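query.cif follows; it contains mmCIF, C-alpha atoms.
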```
data_data
loop_
_atom_site.label_atom_id
_atom_site.label_comp_id
_atom_site.auth_asym_id
_atom_site.auth_seq_id
_atom_site.Cartn_x
_atom_site.Cartn_y
_atom_site.Cartn_z
CA MET A 1 -14.76 43.10 46.08
CA GLY A 2 -11.05 43.45 45.30
CA GLY A 3 -10.52 39.68 45.48
CA PHE A 4 -13.41 39.08 43.09
CA LYS A 5 -12.01 41.67 40.67
CA GLN A 6 -8.59 40.02 40.86
CA PHE A 7 -10.18 36.60 40.19
CA LEU A 8 -12.00 37.91 37.11
CA LEU A 9 -8.93 39.59 35.67
CA ARG A 10 -6.70 36.53 35.93
CA GLY A 11 -5.44 35.34 32.56
CA ASN A 12 -7.08 31.91 32.77
CA ILE A 13 -10.58 33.35 33.14
CA VAL A 14 -10.15 35.65 30.15
CA GLU A 15 -8.70 32.82 28.04
CA LEU A 16 -11.60 30.57 29.04
CA ALA A 17 -14.14 33.23 28.10
CA VAL A 18 -12.49 33.70 24.70
CA ALA A 19 -12.45 29.92 24.17
CA VAL A 20 -16.17 29.64 24.97
CA ILE A 21 -17.04 32.47 22.57
CA VAL A 22 -14.88 31.05 19.78
CA GLY A 23 -16.28 27.56 20.44
CA ALA A 24 -19.87 28.78 20.25
CA THR A 25 -19.14 30.64 17.02
CA PHE A 26 -17.39 27.60 15.57
CA SER A 27 -20.34 25.41 16.57
CA GLY A 28 -22.72 27.74 14.75
CA LEU A 29 -20.49 27.68 11.69
CA VAL A 30 -20.38 23.88 11.62
CA GLN A 31 -24.15 23.68 12.19
CA ALA A 32 -24.70 25.97 9.20
CA LEU A 33 -22.30 23.85 7.14
CA VAL A 34 -24.27 20.73 7.99
CA THR A 35 -27.77 22.14 7.45
CA ASP A 36 -26.96 24.25 4.38
CA LEU A 37 -24.42 22.11 2.52
CA ILE A 38 -23.90 18.56 3.78
CA THR A 39 -27.47 17.38 4.37
CA PRO A 40 -28.79 18.79 1.05
CA LEU A 41 -25.86 17.08 -0.66
CA ILE A 42 -26.69 13.77 1.02
CA GLY A 43 -30.34 14.23 0.06
CA ALA A 44 -29.40 14.94 -3.55
CA VAL A 45 -27.07 11.93 -3.76
CA THR A 46 -29.57 9.53 -2.20
CA GLY A 47 -32.41 10.82 -4.35
CA GLY A 48 -34.50 11.99 -1.42
CA ARG A 49 -37.34 14.40 -2.05
CA GLN A 50 -36.46 16.38 1.06
CA PRO A 51 -32.86 17.57 0.85
CA ASP A 52 -32.97 18.93 4.42
CA PHE A 53 -32.88 16.35 7.23
CA ALA A 54 -34.60 18.79 9.60
CA GLN A 55 -37.87 18.09 7.83
CA TYR A 56 -37.70 14.32 8.50
CA SER A 57 -40.10 13.29 11.24
CA PHE A 58 -42.70 10.76 12.26
CA THR A 59 -45.83 11.00 14.38
CA VAL A 60 -46.99 8.66 17.16
CA ASN A 61 -50.32 9.37 18.91
CA GLY A 62 -50.22 13.00 17.83
CA SER A 63 -46.62 13.56 19.04
CA ARG A 64 -44.17 14.61 16.35
CA PHE A 65 -40.61 13.24 16.54
CA LYS A 66 -38.09 15.24 14.50
CA TYR A 67 -35.38 12.67 13.96
CA GLY A 68 -34.01 14.66 11.03
CA ASP A 69 -33.10 17.58 13.28
CA PHE A 70 -31.35 15.10 15.55
CA LEU A 71 -29.38 13.80 12.55
CA ASN A 72 -28.29 17.37 11.71
CA HIS A 73 -27.01 17.85 15.26
CA LEU A 74 -25.35 14.43 15.27
CA ILE A 75 -23.46 15.22 12.05
CA SER A 76 -22.43 18.59 13.51
CA PHE A 77 -21.20 16.94 16.68
CA MET A 78 -19.18 14.38 14.73
CA LEU A 79 -17.60 17.09 12.56
CA ILE A 80 -16.72 19.30 15.54
CA SER A 81 -15.30 16.32 17.45
CA ALA A 82 -13.17 15.24 14.48
CA ILE A 83 -11.88 18.77 13.86
CA VAL A 84 -11.06 19.35 17.53
CA TYR A 85 -9.28 15.99 17.72
CA TRP A 86 -7.21 16.40 14.55
CA LEU A 87 -6.41 20.10 14.94
CA ILE A 88 -6.00 20.40 18.72
CA VAL A 89 -5.76 17.09 20.63
CA ALA A 90 -3.44 15.14 18.30
CA PRO A 91 -0.90 17.97 17.82
CA MET A 92 -0.90 18.75 21.55
CA THR A 93 -0.32 15.08 22.37
CA ARG A 94 2.66 15.01 20.02
CA LEU A 95 4.00 18.25 21.47
CA VAL A 96 3.67 17.02 25.07
CA ALA A 97 5.37 13.73 24.12
CA LEU A 98 8.22 15.71 22.55
CA PHE A 99 8.71 17.78 25.72
CA ASP A 100 8.50 14.66 27.91
CA ARG A 101 11.16 12.97 25.77
CA ASP A 102 13.46 15.97 26.19
CA LYS A 103 12.73 16.05 29.93
CA ALA A 104 13.44 12.32 30.25
CA ALA A 105 16.83 12.79 28.57
CA ALA A 106 17.74 15.60 30.97
CA THR A 107 16.61 13.81 34.16
CA LYS A 108 17.08 10.52 35.96
CA GLN A 109 15.58 8.88 39.02
CA CYS A 110 17.27 9.02 42.37
CA PRO A 111 18.02 5.41 43.43
CA GLU A 112 17.05 6.18 47.03
CA CYS A 113 13.80 8.17 46.83
CA LEU A 114 12.88 7.66 43.13
CA SER A 115 12.42 11.41 42.54
CA ASP A 116 13.25 12.94 39.17
CA ILE A 117 16.54 14.82 39.37
CA PRO A 118 18.90 16.37 36.78
CA ALA A 119 21.03 13.75 35.00
CA GLU A 120 24.31 15.36 36.10
CA ALA A 121 23.28 15.91 39.75
CA ARG A 122 25.81 14.90 42.43
CA ARG A 123 23.29 15.00 45.28
CA CYS A 124 19.52 14.45 45.32
CA ALA A 125 17.58 17.62 46.14
CA HIS A 126 14.82 15.58 47.79
CA CYS A 127 16.61 13.05 50.02
CA THR A 128 20.16 14.50 49.87
CA SER A 129 21.76 11.15 49.05
CA GLU A 130 25.07 11.37 47.19
CA LEU A 131 25.00 10.37 43.54
CA VAL A 132 27.65 9.66 40.94
CA PRO A 133 26.94 11.41 37.62
CA GLU A 134 26.67 9.14 34.54
CA SER A 135 29.82 10.71 33.06
CA GLU A 136 31.93 9.71 36.11
CA LYS A 137 30.69 6.13 36.58
CA PRO A 138 33.32 3.42 36.00
CA ARG A 139 32.76 1.33 32.91
#
```
As structure tokens, what does this structure read like?
Amino acid sequence: MGGFKQFLLRGNIVELAVAVIVGATFSGLVQALVTDLITPLIGAVTGGRQPDFAQYSFTVNGSRFKYGDFLNHLISFMLISAIVYWLIVAPMTRLVALFDRDKAAATKQCPECLSDIPAEARRCAHCTSELVPESEKPR
């Protein structure tokens, strides 16, 4: 039981739970935005009699297909995807590239084992081959 308790109290699990709760709340917010504001606006601009897409449907052999509700969910999905990309993925990609650039400037590859080592290293920590730092190489 102690191992299970330790697993549950790890920081990653708590962060994941918070992320799921915030994500679900954000999804509900975007869904409300789509159904209450965007689809009525589209209906008003296009001159439709039904400003809510959720009411759009067709019937085949007594089965009712609510394609309007699907459109509401599709618009919500597109909005959430765009927001997540522009507010989370793109900035994180830039941040990771910035850190990688700084790391690349501070490291070099060992000519023997091709491991990343500090740029000023005199000996490789992986294969122990002797190296000449860039500042001491003859020009």
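Using all atoms listed in the file for every distance, the candidate list A:Pro111, A:Leu16, A:Val34, A:Ser27 yields A:Val34 as the residue closest to A:Ile75.
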Which residue is closest to A:Gly68? Choose from A:Ala121, A:Arg94, A:Phe53, A:Ser115 and count only C-alpha atoms. A:Phe53
As a PyMOL selection string, please: the residues near A:Leu131 (cut-off 8 Å, only C-alpha atoms, same-chain neighbours under 5 positions excluded). chain A and resi 110+121-124
Any idea what's packed within 10 Å of A:Ser76, counting all atoms listed in the file, ignoring anything in its chain fewer than 5 positions away? Could you give it as a list in words? Ser27, Gly28, Leu29, Val30, Gln31, Ala32, Leu33, Val34, Thr35, Ile38, Phe70, Leu71, Ser81 and Ala82 of chain A
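Within the 12 Å cut-off around A:Ala105, using only C-alpha atoms and omitting residues fewer than 6 positions from it on the same chain, the listed residues are Leu98, Phe99, Asp116, Ile117, Pro118, Ala119 and Glu120 of chain A.
Straight-line separation from atom CA of A:Cys127 to atom CA of A:Leu114: 9.5 Å.
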Padded axis-aligned box of stretch 114-121 of chain A (8 Å per side), centre and edge lengths, Å, one decimal, as lines of an AutoDock Vina configuration file:
```
center_x = 18.4
center_y = 12.0
center_z = 39.1
size_x = 27.9
size_y = 24.7
size_z = 24.1
```
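As for atom CA of A:Thr46 and atom CA of A:Phe65, they are spaced 22.1 Å apart.
Residues matched by the PyMOL selection byres ((chain A and resi 66) around 8) in this file: Ala54, Gln55, Tyr56, Ser57, Phe58, Arg64, Phe65, Tyr67, Gly68, Asp69 and Phe70 of chain A.
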Residue subset to file, keeping C-alpha atoms, as a CSV table (one decimal), in the frame of the given file:
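again_39.csv was written with the following content:
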```csv
chain,number,residue,atom,x,y,z
A,54,ALA,CA,-34.6,18.8,9.6
A,55,GLN,CA,-37.9,18.1,7.8
A,56,TYR,CA,-37.7,14.3,8.5
A,57,SER,CA,-40.1,13.3,11.2
A,58,PHE,CA,-42.7,10.8,12.3
A,64,ARG,CA,-44.2,14.6,16.4
A,65,PHE,CA,-40.6,13.2,16.5
A,67,TYR,CA,-35.4,12.7,14.0
A,68,GLY,CA,-34.0,14.7,11.0
A,69,ASP,CA,-33.1,17.6,13.3
A,70,PHE,CA,-31.4,15.1,15.6
```
Which value, in Å to one decimal, gives the distance between atom CA of A:Phe4 and atom CA of A:Val20? 20.6 Å
Which residue of A:Thr107, A:Ala17, A:Leu41, A:Phe26 approaches A:Ile83 most closely, using all atoms listed in the file: A:Phe26
